[in-house]
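Peer 1: Provided herewith is a single structure, encoded as structure tokens, for subsequent inquiry.
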Amino acid sequence: MSELTEERFRERAEAPGNDAGDGTSAAAGGSISVQPDEFHHARDIGELEKVFELESLSVSYAGVPAVKEVSMDIYKNEVTALIGPSGCGKSTLIRCLNRMNDLVPTAEVTGRLLYHGEDLYGPKVDPVQVRKLIGMVFQKPNPFPKSIYENVAYGPRIHGLAKTRADLDAIVESALRKASLWEEVKDRLNDSGTGLSGGQQQRLCIARTIAVGPEVILMDEPCSALDPIATARIEELMDELRENYTIIIVTHSMQQAARVSQRTAFFHLGTLVEQGDTDDIFHAPKDQRTQDYITGRFG
Amino acid sequence: MTEKNHTVRAYDEELIRLSAELAEMGGMAESMVADSLTALSRMDTKLAQRVIATDARMDFLQRDIEERAIRVIVKRQPMALDLREVVGCMRISADLERVGDLAKNISKRVVAISGGLGTNFGAKKVIIGLEHLSSIALEQLKAVLDAYRERSVTAAAIVRERDDEIDALYTSLFRELLTYMMEDPRNITFCTHLLFCAKNLERVGDHATNIAETVHYVVTGQQLVDDRPKGDSTAVMPEG
């Protein structure tokens, strides 16, 4: 991209009343506190749309089972937290949801994984399309060594989502706004993405994921490399994004799972031990292993 | 408790310390109520003074439990059962502290009325009634503390159901004292003190009920909402 077009983009973006974004997210730089979702229980399962249906899903690496016979549903517009001790299979599971395990030659997936009722591992399914609809944010922020603008524009461009430069500019601004990053970076869109702070980099990665118009955002420990303030911003962001996206988060922080999710699933040794309303799981879990884990009595 | 230990041993120690202090409060609350009634029936002002003095320790323990509980929440962010235990400790210690206050109040009245019994209307009979009331209140207190120690929802439910017995007894004492006061206005001061003693004992029963509800919460994670039986009708009793 030439310096000139980027220059033009900046002028356009700064012009008052020329809001290309949809303005769904609050301007960054304001309050960083996380709004507690008090007594906001997960909705009744009956009224929810299923995004994923897992039926006896098992994953093994070179014959060694990592996830065993997991059956669960994941619902639209909810944050579902996957918790459990290291090696319990939660990261393996989340990687199945957008077929990231395809990239591991020894990985073998059995059982059924339905996405809106369709087999995600079916022969006609294009993994590239899957990863567009089901985006992923990783533990360590991993922006491309390119400008902030390019980090976000890259996906829409290769997927051919923008016909004109103006379209692309609008997508970039909208994604950055949704990721609560716009206000902080709008004046330096051609600075390198790697020059941002850790928390900003993670939000940039979220913007990059959002830019291709996914339906589901998978987050694998998105805050473990961030300080508490940056973490709070991501958590606040997740709460906002939930309105338009379905989020699945793997986290080691029980408090974080309790704060951000509506539904929680606890895994141990590759099996799904207990799942349910987050309030119930952290307040009065049914299974002794869940109780032992979340109260810090494990092992 | 059959729970496994926490990975962090200091966490266990903090929780154990909380229960130990709560146990001390429980024992102390029981003996304060018992002693205050003994002081009343024997007009023993020395014993009454001792009960009054004990209350300072109760107040201290209650504050200490609260501070420790808050520190546990700050440091450990307790989850699930642990959180309910900590919240339970705070609630029960507040109830026990109130029980201590009520026993102290009875003792203060013993000191106040010890000088002038005046007429011998039916004081002995009323005091026997009060002793009866206190023995039930104490049974309730003991039963609920046992229920807490055993984390028994069933035992707690029995305590909760039994509270109407205390209420009924209180209502009958209320009527009786009212009769004595109407018979001879010189009895009013004395009878009013005894009426407050009766009310205090009835309140001890209420705190036992509160604790029973807390036990239910600690064990199950559910709050009890349904109305329990009410036997105290003095609030709606017509005049005369």
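Just so we're on the same page: first chain in the structure tokens is A, next is B, and so on; residues restart at 1 for each chain, and ligands are numbered from 1 in the order they show up.
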List the spatial neighbours of Leu61 in chain B as a VMD selection string - criterion: any atom at most 12 Å away, only C-alpha atoms, same-chain residues fewer than 2 positions off excluded.
Peer 2: chain B and resid 17 to 26 28 to 29 54 to 59 63 to 69 89 to 90 92 to 94 96 to 97 100
Peer 1: Mind dumping the selected residues with N, CA, C and O atoms as a compact mmCIF listing (two decimals), in the first residue's frame?
Peer 2:
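Here's the written file part_30.txt:
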# COMPACT_ATOMS: atom_id res chain seq x y z
N ARG B 17 -8.62 -21.55 61.12
CA ARG B 17 -8.66 -20.52 62.15
C ARG B 17 -10.05 -19.89 62.25
O ARG B 17 -10.58 -19.66 63.34
N LEU B 18 -10.65 -19.66 61.09
CA LEU B 18 -12.01 -19.09 61.05
C LEU B 18 -13.00 -20.01 61.78
O LEU B 18 -13.76 -19.55 62.63
N SER B 19 -12.96 -21.30 61.46
CA SER B 19 -13.90 -22.21 62.11
C SER B 19 -13.63 -22.31 63.60
O SER B 19 -14.56 -22.41 64.40
N ALA B 20 -12.36 -22.26 63.97
CA ALA B 20 -12.02 -22.37 65.40
C ALA B 20 -12.60 -21.18 66.17
O ALA B 20 -13.20 -21.35 67.24
N GLU B 21 -12.45 -19.99 65.60
CA GLU B 21 -12.98 -18.83 66.29
C GLU B 21 -14.50 -18.87 66.35
O GLU B 21 -15.12 -18.47 67.34
N LEU B 22 -15.09 -19.37 65.27
CA LEU B 22 -16.55 -19.46 65.24
C LEU B 22 -17.03 -20.47 66.28
O LEU B 22 -18.03 -20.23 66.96
N ALA B 23 -16.28 -21.57 66.43
CA ALA B 23 -16.65 -22.57 67.43
C ALA B 23 -16.58 -21.96 68.83
O ALA B 23 -17.46 -22.19 69.68
N GLU B 24 -15.55 -21.14 69.05
CA GLU B 24 -15.43 -20.49 70.36
C GLU B 24 -16.64 -19.58 70.60
O GLU B 24 -17.22 -19.57 71.69
N MET B 25 -17.02 -18.83 69.57
CA MET B 25 -18.18 -17.95 69.69
C MET B 25 -19.45 -18.74 70.00
O MET B 25 -20.26 -18.34 70.83
N GLY B 26 -19.60 -19.88 69.34
CA GLY B 26 -20.79 -20.72 69.54
C GLY B 26 -20.90 -21.17 70.98
O GLY B 26 -21.95 -21.00 71.63
N MET B 28 -19.48 -19.90 73.55
CA MET B 28 -19.64 -18.74 74.42
C MET B 28 -21.09 -18.24 74.40
O MET B 28 -21.64 -17.89 75.44
N ALA B 29 -21.69 -18.24 73.21
CA ALA B 29 -23.08 -17.78 73.10
C ALA B 29 -23.99 -18.68 73.93
O ALA B 29 -24.86 -18.19 74.66
N THR B 54 -18.34 -10.86 79.56
CA THR B 54 -17.98 -11.81 78.50
C THR B 54 -18.29 -11.26 77.11
O THR B 54 -17.64 -11.61 76.13
N ASP B 55 -19.29 -10.41 77.06
CA ASP B 55 -19.74 -9.93 75.75
C ASP B 55 -18.64 -9.23 74.97
O ASP B 55 -18.64 -9.25 73.73
N ALA B 56 -17.70 -8.61 75.68
CA ALA B 56 -16.60 -7.91 75.00
C ALA B 56 -15.82 -8.90 74.13
O ALA B 56 -15.43 -8.58 73.00
N ARG B 57 -15.59 -10.10 74.68
CA ARG B 57 -14.86 -11.13 73.93
C ARG B 57 -15.65 -11.54 72.68
O ARG B 57 -15.08 -11.74 71.60
N MET B 58 -16.97 -11.65 72.85
CA MET B 58 -17.83 -11.99 71.70
C MET B 58 -17.68 -10.95 70.59
O MET B 58 -17.51 -11.29 69.42
N ASP B 59 -17.76 -9.68 71.01
CA ASP B 59 -17.65 -8.60 70.03
C ASP B 59 -16.30 -8.66 69.32
O ASP B 59 -16.21 -8.50 68.10
N ARG B 63 -15.64 -9.32 65.24
CA ARG B 63 -14.87 -8.41 64.38
C ARG B 63 -13.69 -9.14 63.75
O ARG B 63 -13.37 -8.97 62.58
N ASP B 64 -13.05 -9.96 64.57
CA ASP B 64 -11.86 -10.68 64.10
C ASP B 64 -12.23 -11.65 62.97
O ASP B 64 -11.52 -11.73 61.96
N ILE B 65 -13.34 -12.36 63.14
CA ILE B 65 -13.79 -13.30 62.09
C ILE B 65 -14.07 -12.53 60.81
O ILE B 65 -13.67 -12.94 59.72
N GLU B 66 -14.74 -11.40 60.96
CA GLU B 66 -15.07 -10.63 59.78
C GLU B 66 -13.81 -10.17 59.05
O GLU B 66 -13.69 -10.31 57.83
N GLU B 67 -12.86 -9.67 59.82
CA GLU B 67 -11.61 -9.21 59.19
C GLU B 67 -10.87 -10.36 58.52
O GLU B 67 -10.35 -10.22 57.41
N ARG B 68 -10.81 -11.49 59.23
CA ARG B 68 -10.10 -12.65 58.65
C ARG B 68 -10.80 -13.13 57.38
O ARG B 68 -10.15 -13.49 56.40
N ALA B 69 -12.14 -13.14 57.43
CA ALA B 69 -12.91 -13.60 56.26
C ALA B 69 -12.64 -12.68 55.07
O ALA B 69 -12.42 -13.14 53.95
N CYS B 89 -19.31 -18.23 57.63
CA CYS B 89 -18.63 -17.81 58.86
C CYS B 89 -19.02 -16.38 59.23
O CYS B 89 -19.31 -16.08 60.38
N MET B 90 -19.02 -15.51 58.22
CA MET B 90 -19.35 -14.11 58.50
C MET B 90 -20.78 -13.98 59.00
O MET B 90 -21.06 -13.27 59.95
N ILE B 92 -22.79 -16.34 60.33
CA ILE B 92 -23.05 -17.00 61.61
C ILE B 92 -22.42 -16.21 62.75
O ILE B 92 -23.02 -16.05 63.81
N SER B 93 -21.24 -15.67 62.51
CA SER B 93 -20.61 -14.91 63.61
C SER B 93 -21.44 -13.67 63.93
O SER B 93 -21.55 -13.28 65.10
N ALA B 94 -22.06 -13.08 62.93
CA ALA B 94 -22.92 -11.91 63.19
C ALA B 94 -24.14 -12.33 64.02
O ALA B 94 -24.53 -11.62 64.95
N LEU B 96 -24.29 -14.93 66.06
CA LEU B 96 -23.86 -15.29 67.42
C LEU B 96 -23.54 -14.04 68.24
O LEU B 96 -23.80 -13.99 69.45
N GLU B 97 -22.98 -13.06 67.57
CA GLU B 97 -22.69 -11.81 68.29
C GLU B 97 -23.98 -11.19 68.82
O GLU B 97 -24.03 -10.69 69.94
N GLY B 100 -25.12 -13.01 71.83
CA GLY B 100 -24.36 -12.52 72.98
C GLY B 100 -24.97 -11.22 73.51
O GLY B 100 -25.14 -11.05 74.73
Peer 1: Which chain B residues are at most 10 Å from chain A (counting only C-alpha atoms), as an MDAnalysis selection string?
Peer 2: chainID B and resid 3:9 11:12 76:84 218:222
Peer 1: Just the strand (DSSP E) stuff from range 77-197 of chain A, please, per backbone DSSP, written as a ChimeraX atom specification.
Peer 2: /A:79-83,107-115,118-119,134-137
Peer 1: Tell me, which residues of chain B carry DSSP alpha helix (DSSP H), written as an NGL selection string?
Peer 2: :B and (9-42 or 45-76 or 80-113 or 123-150 or 153-183 or 188-220)
Peer 1: Set the distance at 9 Å and use only C-alpha atoms: which residues neighbour Ala179 in chain A once local chain neighbours fewer than 4 positions away are removed? I'd like the list as an MDAnalysis selection string.
Peer 2: chainID A and resid 25 174:175 203:208 210 234 237 241
Peer 1: Any idea what's packed within 8 Å of range 191-201 of chain A, counting only C-alpha atoms, ignoring anything in its chain fewer than 2 positions away? Could you give it as number ranges by chain?
Peer 2: A: 141-148, 151, 181, 188-189, 203-205, 225-227, 230-231, 234
Peer 1: Pick out the closest residue to Glu78 in chain A from this set: A:Asp119, A:Asp126, A:Glu150, A:Asp277. Count only C-alpha atoms.
Peer 2: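 Closest to Glu78 in chain A, using only C-alpha atoms: A:Asp277.
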